[in-house]
>>> print(open('model_2.tsv').read())   # TSV, C-alpha atoms
chain	number	residue	atom	x	y	z
B	1	GLY	CA	8.44	-17.60	4.27
B	2	SER	CA	5.94	-14.80	4.76
B	3	LEU	CA	2.79	-13.41	3.17
B	4	GLN	CA	3.26	-9.77	2.14
B	5	ALA	CA	0.20	-8.40	0.32
B	6	LEU	CA	-3.51	-9.20	0.02
B	7	SER	CA	-6.30	-8.11	-2.34
B	8	CYS	CA	-9.93	-9.25	-2.06
B	9	THR	CA	-12.50	-8.47	-4.75
B	10	SER	CA	-15.43	-10.13	-2.94
B	11	ARG	CA	-16.14	-11.80	0.41
B	12	SER	CA	-14.84	-15.16	-0.86
B	13	ASP	CA	-12.36	-14.27	-3.63
B	14	CYS	CA	-8.88	-13.10	-2.61
B	15	THR	CA	-5.28	-13.34	-3.75
B	16	ALA	CA	-2.18	-13.05	-1.59
B	17	VAL	CA	1.50	-12.88	-2.51
B	18	GLY	CA	4.60	-13.43	-0.41
B	19	TYR	CA	7.98	-15.09	-0.40
B	20	TYR	CA	9.70	-18.25	0.80
B	21	GLN	CA	13.28	-19.45	1.04
B	22	ASP	CA	14.60	-22.56	-0.66
B	23	LEU	CA	16.03	-25.38	1.42
B	24	PRO	CA	18.64	-25.99	2.62
B	25	LEU	CA	18.96	-22.64	4.37
B	26	PRO	CA	20.14	-20.09	3.51
B	27	GLY	CA	18.55	-20.71	0.11
B	28	ARG	CA	17.28	-18.48	-2.67
B	29	ILE	CA	14.28	-16.25	-2.00
B	30	ARG	CA	11.30	-16.96	-4.27
B	31	ASP	CA	7.95	-15.21	-4.60
B	32	PHE	CA	4.66	-17.09	-4.55
B	33	ALA	CA	0.93	-16.44	-4.98
B	34	VAL	CA	-2.05	-18.16	-3.40
B	35	THR	CA	-5.71	-17.65	-4.35
B	36	GLU	CA	-9.04	-18.07	-2.62
B	37	ARG	CA	-11.93	-18.88	-4.99
B	38	ARG	CA	-15.48	-19.13	-3.68
B	39	GLY	CA	-14.22	-19.39	-0.14
B	40	VAL	CA	-11.63	-22.13	-0.70
B	41	TRP	CA	-7.91	-21.39	-0.59
B	42	GLY	CA	-5.81	-23.18	-3.18
B	43	ARG	CA	-2.17	-24.25	-3.07
B	44	ALA	CA	0.61	-21.69	-3.10
B	45	LEU	CA	2.23	-21.40	-6.53
B	46	SER	CA	5.83	-20.30	-7.06
B	47	MET	CA	6.15	-17.41	-9.52
B	48	ALA	CA	8.22	-18.00	-12.63
B	49	ALA	CA	11.63	-16.36	-12.77
B	50	PRO	CA	11.85	-13.29	-15.06
B	51	THR	CA	15.16	-14.49	-16.51
B	52	ALA	CA	16.71	-17.75	-17.66
B	53	ALA	CA	19.84	-17.05	-15.62
B	54	ARG	CA	20.70	-19.55	-12.92
B	55	ASN	CA	20.55	-18.80	-9.19
B	56	VAL	CA	17.78	-16.21	-9.46
B	57	SER	CA	16.62	-14.80	-6.12
B	58	PHE	CA	13.57	-12.57	-5.69
B	59	GLY	CA	13.38	-9.39	-3.64
B	60	GLY	CA	10.72	-10.80	-1.33
B	61	GLU	CA	8.65	-7.57	-1.24
B	62	PRO	CA	5.98	-8.09	-3.92
B	63	VAL	CA	3.23	-5.52	-4.59
B	64	LEU	CA	-0.24	-6.66	-5.66
B	65	SER	CA	-3.59	-5.45	-6.97
B	66	CYS	CA	-6.63	-7.45	-8.12
B	67	ALA	CA	-9.43	-6.12	-10.31
B	68	SER	CA	-11.68	-9.20	-10.03
B	69	ALA	CA	-11.46	-12.84	-9.03
B	70	GLY	CA	-8.48	-14.41	-10.81
B	71	ASN	CA	-7.41	-11.16	-12.50
B	72	CYS	CA	-4.48	-9.52	-10.71
B	73	ALA	CA	-1.06	-8.00	-11.26
B	74	ALA	CA	2.06	-8.14	-9.10
B	75	GLY	CA	5.64	-6.89	-9.21
B	76	ASP	CA	8.94	-7.24	-7.40
B	77	THR	CA	12.70	-7.15	-7.81
B	78	TYR	CA	15.03	-10.04	-8.58
B	79	TYR	CA	18.75	-10.74	-8.32
B	80	THR	CA	21.30	-12.91	-10.10
B	81	PRO	CA	24.99	-13.22	-9.25
B	82	SER	CA	25.72	-10.54	-11.86
B	83	GLN	CA	22.72	-8.19	-11.98
B	84	ARG	CA	19.65	-6.73	-10.31
B	85	GLY	CA	16.34	-6.28	-12.10
B	86	ALA	CA	12.61	-5.83	-11.64
B	87	PHE	CA	9.46	-7.34	-13.12
B	88	VAL	CA	5.68	-7.25	-13.31
B	89	VAL	CA	3.42	-10.24	-13.91
B	90	SER	CA	-0.29	-10.60	-14.65
B	91	GLU	CA	-2.87	-13.18	-13.64
B	92	VAL	CA	-5.62	-13.76	-16.20
B	93	ASN	CA	-8.66	-15.87	-15.32
B	94	GLY	CA	-6.76	-17.58	-12.52
B	95	THR	CA	-3.53	-18.29	-14.41
B	96	TRP	CA	-0.31	-16.38	-13.79
B	97	GLY	CA	1.62	-15.51	-16.94
B	98	ARG	CA	5.30	-14.99	-17.61
B	99	PRO	CA	6.97	-12.07	-15.82
B	100	ARG	CA	7.86	-9.00	-17.84
B	101	LYS	CA	11.11	-7.21	-17.05
B	102	VAL	CA	10.77	-3.51	-16.25
B	103	ARG	CA	13.33	-0.76	-15.87
B	104	SER	CA	13.15	-0.24	-12.09
B	105	VAL	CA	11.55	-1.34	-8.81
B	106	PRO	CA	7.71	-1.43	-8.75
B	107	GLY	CA	6.67	0.66	-5.76
B	108	ALA	CA	2.88	0.34	-5.99
B	109	ILE	CA	0.28	-1.01	-8.39
B	110	SER	CA	-3.45	-0.40	-8.97
B	111	CYS	CA	-5.80	-2.43	-11.20
B	112	PRO	CA	-9.33	-1.03	-11.61
B	113	ALA	CA	-10.32	-3.60	-14.28
B	114	PRO	CA	-8.95	-6.90	-15.64
B	115	GLY	CA	-6.02	-6.18	-17.93
B	116	ASP	CA	-5.91	-2.49	-16.98
B	117	CYS	CA	-3.31	-1.64	-14.35
B	118	THR	CA	-0.81	1.12	-13.59
B	119	ALA	CA	2.36	0.82	-11.52
B	120	THR	CA	4.85	3.30	-10.12
B	121	LEU	CA	8.50	2.51	-10.84
B	122	GLY	CA	11.61	3.79	-9.15
B	123	GLY	CA	13.47	6.68	-10.75
B	124	GLY	CA	10.33	8.69	-11.55
B	125	TYR	CA	8.57	6.36	-14.00
B	126	LEU	CA	5.05	5.01	-14.54
B	127	LEU	CA	4.04	1.79	-16.29
B	128	SER	CA	0.60	0.94	-17.68
B	129	GLU	CA	-1.12	-2.25	-18.74
B	130	VAL	CA	-3.88	-1.54	-21.29
B	131	HIS	CA	-6.30	-4.28	-22.43
B	132	GLY	CA	-3.92	-6.94	-21.15
B	133	THR	CA	-0.70	-5.56	-22.69
B	134	TRP	CA	2.01	-3.88	-20.65
B	135	ARG	CA	3.23	-0.74	-22.40
B	136	LYS	CA	6.66	0.89	-22.25
B	137	ALA	CA	7.50	2.73	-19.02
B	138	PHE	CA	7.45	6.52	-19.27
B	139	PRO	CA	8.71	9.36	-17.04
B	140	VAL	CA	6.20	11.06	-14.77
B	141	PRO	CA	5.15	14.06	-16.93
B	142	GLY	CA	6.47	17.35	-15.61
B	143	LEU	CA	8.42	15.81	-12.71
B	144	PRO	CA	11.88	17.26	-12.05
B	145	VAL	CA	13.65	13.90	-11.90
B	146	LEU	CA	16.93	15.38	-10.74
B	147	HIS	CA	17.79	14.39	-7.21
B	148	HIS	CA	15.86	11.10	-7.40
B	149	GLY	CA	12.24	12.22	-7.65
B	150	GLN	CA	9.69	9.42	-7.92
B	151	ALA	CA	6.04	8.50	-7.47
B	152	VAL	CA	5.52	6.17	-4.52
B	153	ALA	CA	1.73	5.68	-4.34
B	154	ILE	CA	-0.96	5.22	-6.97
B	155	SER	CA	-4.73	4.74	-7.01
B	156	CYS	CA	-6.92	4.07	-10.05
B	157	PRO	CA	-10.68	4.07	-9.35
B	158	SER	CA	-11.54	3.27	-12.99
B	159	PRO	CA	-9.64	2.46	-16.22
B	160	GLY	CA	-7.87	5.53	-17.58
B	161	ASN	CA	-8.48	7.51	-14.39
B	162	CYS	CA	-5.64	7.42	-11.88
B	163	ALA	CA	-3.67	9.59	-9.51
B	164	ALA	CA	-0.14	9.23	-8.20
B	165	VAL	CA	1.85	11.09	-5.56
B	166	GLY	CA	5.48	11.23	-4.55
B	167	SER	CA	8.35	13.53	-3.76
B	168	TYR	CA	11.59	14.92	-5.11
B	169	HIS	CA	14.42	17.18	-3.95
B	170	ASP	CA	14.70	20.64	-5.46
B	171	SER	CA	17.93	22.43	-6.39
B	172	ALA	CA	18.43	23.37	-2.73
B	173	PHE	CA	17.92	19.70	-1.77
B	174	ALA	CA	14.70	20.50	0.09
B	175	GLU	CA	12.10	17.73	-0.11
B	176	ARG	CA	9.03	18.64	-2.14
B	177	SER	CA	5.85	16.67	-2.83
B	178	PHE	CA	3.84	16.40	-6.04
B	179	ALA	CA	0.60	14.91	-7.32
B	180	ILE	CA	-0.33	13.93	-10.86
B	181	SER	CA	-3.70	12.91	-12.31
B	182	GLN	CA	-4.82	10.91	-15.33
B	183	ARG	CA	-8.17	11.64	-16.97
B	184	HIS	CA	-9.70	9.45	-19.68
B	185	GLY	CA	-6.32	7.87	-20.38
B	186	ILE	CA	-4.35	11.13	-20.59
B	187	TRP	CA	-1.86	12.12	-17.89
B	188	GLY	CA	-1.50	15.74	-16.89
B	189	LYS	CA	1.69	17.22	-15.49
B	190	ALA	CA	3.06	16.74	-12.01
B	191	GLN	CA	1.75	19.48	-9.72
B	192	LEU	CA	3.74	20.81	-6.78
B	193	ILE	CA	1.80	20.43	-3.54
B	194	ARG	CA	2.01	23.62	-1.54
B	195	GLY	CA	1.33	24.29	2.11
B	196	GLY	CA	2.46	22.32	5.12
B	197	PRO	CA	4.28	23.53	8.21
B	198	GLY	CA	7.78	23.93	6.79
B	199	ALA	CA	10.61	22.10	5.10
B	200	GLY	CA	10.53	18.38	4.36
B	201	LEU	CA	7.06	17.63	2.99
B	202	ALA	CA	6.81	13.90	2.07
B	203	LEU	CA	3.69	12.42	0.45
B	204	GLY	CA	3.54	8.63	0.56
B	205	LEU	CA	-0.14	7.62	0.95
B	206	LEU	CA	-3.01	7.87	-1.51
B	207	SER	CA	-6.65	6.74	-1.79
B	208	CYS	CA	-9.08	7.63	-4.57
B	209	PRO	CA	-12.72	6.56	-4.12
B	210	SER	CA	-13.72	7.98	-7.53
B	211	ALA	CA	-12.18	9.69	-10.55
B	212	GLY	CA	-10.96	13.18	-9.66
B	213	ASN	CA	-11.61	12.70	-5.94
B	214	CYS	CA	-8.60	11.61	-3.90
B	215	VAL	CA	-6.84	12.17	-0.61
B	216	ALA	CA	-3.07	11.95	-0.21
B	217	GLY	CA	-1.30	11.85	3.12
B	218	GLY	CA	2.16	12.01	4.56
B	219	VAL	CA	4.40	13.62	7.12
B	220	ALA	CA	6.19	16.94	7.36
B	221	TYR	CA	9.09	18.14	9.42
B	222	PRO	CA	8.54	21.71	10.65
B	223	LEU	CA	11.49	24.07	10.82
B	224	ALA	CA	10.98	24.22	14.59
B	225	GLY	CA	11.47	20.45	14.79
B	226	GLY	CA	9.19	17.51	15.44
B	227	ILE	CA	6.85	15.74	13.07
B	228	VAL	CA	3.31	16.45	11.88
B	229	SER	CA	0.87	14.50	9.72
B	230	PHE	CA	-0.93	16.20	6.85
B	231	ALA	CA	-3.40	15.52	4.07
B	232	VAL	CA	-4.16	17.10	0.72
B	233	THR	CA	-7.43	16.63	-1.19
B	234	GLU	CA	-8.23	16.44	-4.87
B	235	ALA	CA	-11.86	17.45	-5.42
B	236	HIS	CA	-13.43	17.26	-8.88
B	237	GLY	CA	-9.98	17.08	-10.45
B	238	ARG	CA	-8.36	19.96	-8.56
B	239	TRP	CA	-5.65	19.43	-5.95
B	240	GLY	CA	-5.73	21.67	-2.89
B	241	THR	CA	-3.00	22.63	-0.46
B	242	ALA	CA	-1.49	20.46	2.24
B	243	ARG	CA	-3.14	20.88	5.63
B	244	SER	CA	-2.02	19.54	8.97
B	245	LEU	CA	-4.29	16.93	10.51
B	246	PRO	CA	-5.78	18.35	13.72
B	247	GLY	CA	-3.97	17.31	16.87
B	248	THR	CA	-1.09	15.52	15.20
B	249	PHE	CA	1.55	18.17	15.78
B	250	LYS	CA	0.78	18.32	19.50
B	251	LEU	CA	1.01	14.53	19.69
B	252	GLY	CA	3.97	14.28	17.33
B	253	TYR	CA	2.91	11.18	15.40
B	254	GLY	CA	3.08	10.37	11.71
B	255	ILE	CA	0.47	8.47	9.68
B	256	GLY	CA	1.38	5.26	7.89
B	257	GLN	CA	-1.97	3.98	6.59
B	258	LEU	CA	-4.79	5.73	4.72
B	259	GLY	CA	-8.19	4.54	3.50
B	260	CYS	CA	-10.94	6.55	1.78
B	261	PRO	CA	-13.98	4.47	0.77
B	262	ALA	CA	-15.95	7.59	-0.24
B	263	ALA	CA	-15.26	11.24	-1.01
B	264	GLY	CA	-14.97	13.17	2.25
B	265	ALA	CA	-14.77	10.01	4.36
B	266	CYS	CA	-11.25	8.81	5.23
B	267	SER	CA	-9.30	7.19	8.05
B	268	ALA	CA	-5.57	7.65	8.67
B	269	VAL	CA	-3.56	5.55	11.12
B	270	GLY	CA	-0.37	6.53	12.89
B	271	VAL	CA	1.77	5.72	15.89
B	272	LEU	CA	2.79	8.17	18.59
B	273	SER	CA	6.22	7.60	20.09
B	274	THR	CA	7.38	9.43	23.20
B	275	GLY	CA	10.34	7.79	24.86
B	276	GLN	CA	9.43	4.20	25.64
B	277	ARG	CA	5.70	4.70	25.06
B	278	LEU	CA	4.01	3.76	21.80
B	279	GLN	CA	0.35	4.38	21.03
B	280	THR	CA	-1.76	3.77	17.94
B	281	PHE	CA	-4.05	6.63	16.83
B	282	VAL	CA	-6.65	7.04	14.09
B	283	SER	CA	-7.60	10.35	12.50
B	284	THR	CA	-11.03	10.37	10.85
B	285	GLU	CA	-12.44	12.58	8.10
B	286	LYS	CA	-16.22	12.95	8.05
B	287	ASN	CA	-18.08	15.03	5.47
B	288	GLY	CA	-14.75	16.48	4.35
B	289	ILE	CA	-13.65	17.61	7.83
B	290	TRP	CA	-10.76	15.98	9.69
B	291	HIS	CA	-11.25	15.46	13.42
B	292	ASN	CA	-8.79	15.07	16.31
B	293	PRO	CA	-7.13	11.66	16.45
B	294	GLN	CA	-8.55	8.90	18.62
B	295	ALA	CA	-6.32	6.50	20.55
B	296	ILE	CA	-7.00	2.82	19.92
B	297	THR	CA	-7.40	1.32	23.36
B	298	GLY	CA	-5.77	-2.02	23.92
B	299	ALA	CA	-2.88	-0.93	21.69
B	300	GLY	CA	-0.88	0.66	24.47
B	301	PRO	CA	2.78	0.84	25.52
B	302	GLY	CA	5.15	-1.78	24.20
B	303	HIS	CA	3.11	-2.80	21.15
B	304	PRO	CA	4.78	-1.09	18.17
B	305	ASP	CA	3.50	-3.57	15.59
B	306	PHE	CA	-0.20	-2.93	16.02
B	307	GLY	CA	-1.89	-1.10	13.15
B	308	GLY	CA	0.02	-2.81	10.37
B	309	SER	CA	-2.88	-2.76	7.89
B	310	LEU	CA	-6.06	-0.73	7.35
B	311	SER	CA	-9.03	-1.50	5.11
B	312	CYS	CA	-12.27	0.51	4.81
B	313	ALA	CA	-15.33	-0.95	3.10
B	314	ALA	CA	-17.47	2.17	3.54
B	315	GLY	CA	-17.46	5.50	5.31
B	316	GLY	CA	-17.29	4.89	9.06
B	317	SER	CA	-16.66	1.14	8.56
B	318	CYS	CA	-12.99	0.14	8.73
B	319	VAL	CA	-10.79	-2.58	10.20
B	320	LEU	CA	-7.27	-2.03	11.55
B	321	ALA	CA	-5.18	-5.16	12.04
B	322	GLY	CA	-1.71	-5.94	13.34
B	323	GLY	CA	-0.14	-7.47	16.41
B	324	LEU	CA	-0.12	-7.00	20.18
B	325	ALA	CA	2.08	-8.63	22.78
B	326	GLY	CA	-0.57	-11.36	23.09
B	327	GLY	CA	-0.74	-12.08	19.37
B	328	ALA	CA	-2.60	-11.05	16.21
B	329	ALA	CA	-5.25	-8.43	16.88
B	330	ALA	CA	-7.80	-6.18	15.18
B	331	ALA	CA	-9.79	-3.05	15.98
B	332	VAL	CA	-13.13	-2.41	14.25
B	333	GLN	CA	-14.84	0.87	13.37
B	334	VAL	CA	-18.64	0.67	13.30
B	335	ASN	CA	-20.77	3.68	12.34
B	336	GLY	CA	-17.74	5.93	12.74
B	337	ARG	CA	-16.79	4.74	16.25
B	338	TRP	CA	-13.61	2.74	16.87
B	339	GLY	CA	-13.65	-0.14	19.30
B	340	PRO	CA	-10.62	-1.46	21.21
B	341	ALA	CA	-7.94	-3.68	19.73
B	342	ARG	CA	-8.79	-7.29	20.54
B	343	ILE	CA	-6.74	-10.47	20.27
B	344	LEU	CA	-8.02	-12.83	17.56
B	345	ARG	CA	-8.48	-16.00	19.57
B	346	GLY	CA	-8.78	-18.24	16.54
B	347	VAL	CA	-5.33	-17.22	15.37
B	348	ARG	CA	-3.88	-18.02	18.78
B	349	ALA	CA	-5.32	-21.52	18.55
B	350	VAL	CA	-3.64	-22.10	15.17
B	351	ALA	CA	-0.33	-20.57	16.27
B	352	ARG	CA	-0.31	-22.72	19.44
B	353	GLY	CA	1.49	-20.20	21.57
B	354	ARG	CA	4.01	-19.09	18.95
B	355	ALA	CA	4.41	-15.38	18.13
B	356	ASP	CA	1.85	-14.32	15.52
B	357	ASP	CA	0.97	-11.11	13.66
B	358	ILE	CA	-1.26	-9.83	10.86
B	359	ALA	CA	0.47	-8.36	7.82
B	360	ALA	CA	-2.53	-7.31	5.72
B	361	VAL	CA	-6.32	-7.07	5.84
B	362	SER	CA	-8.80	-6.53	2.99
B	363	CYS	CA	-12.51	-5.72	3.42
B	364	PRO	CA	-14.49	-5.76	0.14
B	365	ALA	CA	-17.76	-5.17	2.04
B	366	ARG	CA	-19.02	-4.26	5.50
B	367	SER	CA	-18.34	-7.05	8.02
B	368	ARG	CA	-16.65	-9.07	5.28
B	369	CYS	CA	-12.89	-9.05	5.76
B	370	THR	CA	-9.94	-11.36	5.18
B	371	ALA	CA	-6.63	-11.03	7.01
B	372	LEU	CA	-3.32	-12.74	6.42
B	373	GLY	CA	-0.37	-13.12	8.71
B	374	SER	CA	2.30	-15.42	10.03
B	375	PHE	CA	3.43	-17.20	13.16
B	376	GLY	CA	6.76	-18.57	14.31
B	377	VAL	CA	8.02	-22.03	13.45
B	378	PRO	CA	9.29	-24.10	16.40
>>> encode(input="model_2.tsv", output="structure tokens")
Amino acid sequence: GSLQALSCTSRSDCTAVGYYQDLPLPGRIRDFAVTERRGVWGRALSMAAPTAARNVSFGGEPVLSCASAGNCAAGDTYYTPSQRGAFVVSEVNGTWGRPRKVRSVPGAISCPAPGDCTATLGGGYLLSEVHGTWRKAFPVPGLPVLHHGQAVAISCPSPGNCAAVGSYHDSAFAERSFAISQRHGIWGKAQLIRGGPGAGLALGLLSCPSAGNCVAGGVAYPLAGGIVSFAVTEAHGRWGTARSLPGTFKLGYGIGQLGCPAAGACSAVGVLSTGQRLQTFVSTEKNGIWHNPQAITGAGPGHPDFGGSLSCAAGGSCVLAGGLAGGAAAAVQVNGRWGPARILRGVRAVARGRADDIAAVSCPARSRCTALGSFGVP
């Protein structure tokens, strides 16, 4: 089995979801959840199947968001011998309820308050939970859903105030990106994001520290070739144009993680690949200005897994976690300055020499982080 997602609402209250495989192998894949309350981790609980059909197997890629201790929502896909489906499920005061079938795959979920969540669904749909009740899925307003347009990232800083981003292909099959905002419970229309260096603009990352103030990130493929990272900002409810992150085109790396704990203060993580060399970089936004990327020392050649998860508790205070050749590792940003990636010795002691890695990290406050990962079984 493996842990897949983590959400911490305080220094000692977290929930993680993942999957395991029934014995004897190869058995069915099942999703599970495990909760930390007041610093003590409980037992992993298998999630109920969303159908009474026999031989149900889960997708094993659950998404998760927690609004407060014991109040979360998750989603995944499931399979039976005759069909494929998807579901969402809510945790209320520490108890997981029955899964609710939904029309398509949950791509991301955000819960700003208990019983108030919004999820992106495949095929260009959104799904909202309001006061503990999941509503009917609805198409992204104004999105040209032809050619498989869909929202892939969502962030809700407060109930009724969300933003989502994604992409679609226009009539010429060129990839276009869009953003859409919700204000006081009302969704506007999808807005085409303009700018960027050429064809193939793909938004896939989003972070909103407050209502109407968000940053979305992604990669673009210039007509001249190569790859470049870019970001687009929503300020006071207005989306700007896509702008290349300084230094990324010259390096040729794409960002895969984004965290914005405050307006004008973000970090974006990417990996540069040139031949056999791999290097982790972080681009930092300070006071609304993006600066040239900084290489994370200690995450050098031959370590493609490092930088698997980013969490930022405040501006200039982030943690980046993943894996190096020597095991699970983390790099810490303090007062805006990134330190080197260092092996987590305690994890090595638990793993006892077996390969280990960090899949997710969550930092609800400065110097208060929780990480989850896995290590090999002999």
>>> atom_distance(input="model_2.tsv", atom1="CA of Pro62 in chain B", atom2="CA of Thr77 in chain B")
7.8 Å
>>> closest_residue(input="model_2.tsv", among="B:Ala69, B:Ala263, B:Gly132, B:Thr51", to="Cys208 in chain B", atoms="all atoms listed in the file")
B:Ala263
>>> residues_around(input="model_2.tsv", residues="range 284-295 of chain B", least_positions_apart="2", cutoff="8 Å", atoms="all atoms listed in the file", output="ChimeraX atom specification")
/B:245-248,263-268,279-282,297
>>> residues_around(input="model_2.tsv", residues="range 181-184 of chain B", least_positions_apart="2", cutoff="9 Å", atoms="only C-alpha atoms", output="short mmCIF file (atom, residue, chain, number, x, y, z; two decimals) with C-alpha atoms, keeping the file's coordinate frame")
data_model
loop_
_atom_site.label_atom_id
_atom_site.label_comp_id
_atom_site.auth_asym_id
_atom_site.auth_seq_id
_atom_site.Cartn_x
_atom_site.Cartn_y
_atom_site.Cartn_z
CA CYS B 156 -6.92 4.07 -10.05
CA PRO B 159 -9.64 2.46 -16.22
CA GLY B 160 -7.87 5.53 -17.58
CA ASN B 161 -8.48 7.51 -14.39
CA CYS B 162 -5.64 7.42 -11.88
CA ALA B 163 -3.67 9.59 -9.51
CA ALA B 164 -0.14 9.23 -8.20
CA VAL B 165 1.85 11.09 -5.56
CA ALA B 179 0.60 14.91 -7.32
CA ILE B 186 -4.35 11.13 -20.59
CA TRP B 187 -1.86 12.12 -17.89
CA GLY B 188 -1.50 15.74 -16.89
CA LYS B 189 1.69 17.22 -15.49
CA ALA B 190 3.06 16.74 -12.01
CA GLN B 191 1.75 19.48 -9.72
CA ALA B 211 -12.18 9.69 -10.55
CA GLY B 212 -10.96 13.18 -9.66
CA GLY B 237 -9.98 17.08 -10.45
#
>>> closest_residue(input="model_2.tsv", among="B:Gly226, B:Gly59, B:Pro340, B:Gly70", to="Tyr253 in chain B", atoms="only C-alpha atoms")
B:Gly226
>>> residues_around(input="model_2.tsv", residues="Gly339 in chain B", least_positions_apart="2", cutoff="10 Å", atoms="all atoms listed in the file", output="PyMOL selection string")
chain B and resi 295-298+319+330-334+336-337+341-342
>>> atom_distance(input="model_2.tsv", atom1="CA of Gln21 in chain B", atom2="CA of Gly256 in chain B")
28.3 Å
>>> residues_around(input="model_2.tsv", residues="Thr370 in chain B", least_positions_apart="2", cutoff="12 Å", atoms="all atoms listed in the file", output="MDAnalysis selection string")
chainID B and resid 5:16 36 39 41 309:311 313 319:321 330 358:368 372:373
>>> atom_distance(input="model_2.tsv", atom1="CA of Ala235 in chain B", atom2="CA of Gly316 in chain B")
19.9 Å
>>> residues_around(input="model_2.tsv", residues="Arg30 in chain B", least_positions_apart="4", cutoff="10 Å", atoms="all atoms listed in the file", output="mmCIF file with C-alpha atoms, in the frame of the given file")
data_model
loop_
_atom_site.group_PDB
_atom_site.id
_atom_site.type_symbol
_atom_site.label_atom_id
_atom_site.label_comp_id
_atom_site.auth_asym_id
_atom_site.auth_seq_id
_atom_site.Cartn_x
_atom_site.Cartn_y
_atom_site.Cartn_z
ATOM 1 C CA GLY B 1 8.440 -17.600 4.270
ATOM 2 C CA GLY B 18 4.600 -13.430 -0.410
ATOM 3 C CA TYR B 19 7.980 -15.090 -0.400
ATOM 4 C CA TYR B 20 9.700 -18.250 0.800
ATOM 5 C CA GLN B 21 13.280 -19.450 1.040
ATOM 6 C CA ASP B 22 14.600 -22.560 -0.660
ATOM 7 C CA SER B 46 5.830 -20.300 -7.060
ATOM 8 C CA MET B 47 6.150 -17.410 -9.520
ATOM 9 C CA ALA B 48 8.220 -18.000 -12.630
ATOM 10 C CA ALA B 49 11.630 -16.360 -12.770
ATOM 11 C CA VAL B 56 17.780 -16.210 -9.460
ATOM 12 C CA SER B 57 16.620 -14.800 -6.120
ATOM 13 C CA PHE B 58 13.570 -12.570 -5.690
ATOM 14 C CA GLY B 59 13.380 -9.390 -3.640
ATOM 15 C CA GLY B 60 10.720 -10.800 -1.330
ATOM 16 C CA TYR B 78 15.030 -10.040 -8.580
#
>>> closest_residue(input="model_2.tsv", among="B:Arg98, B:Val271, B:Ser90, B:Gly166", to="His131 in chain B", atoms="all atoms listed in the file")
B:Ser90
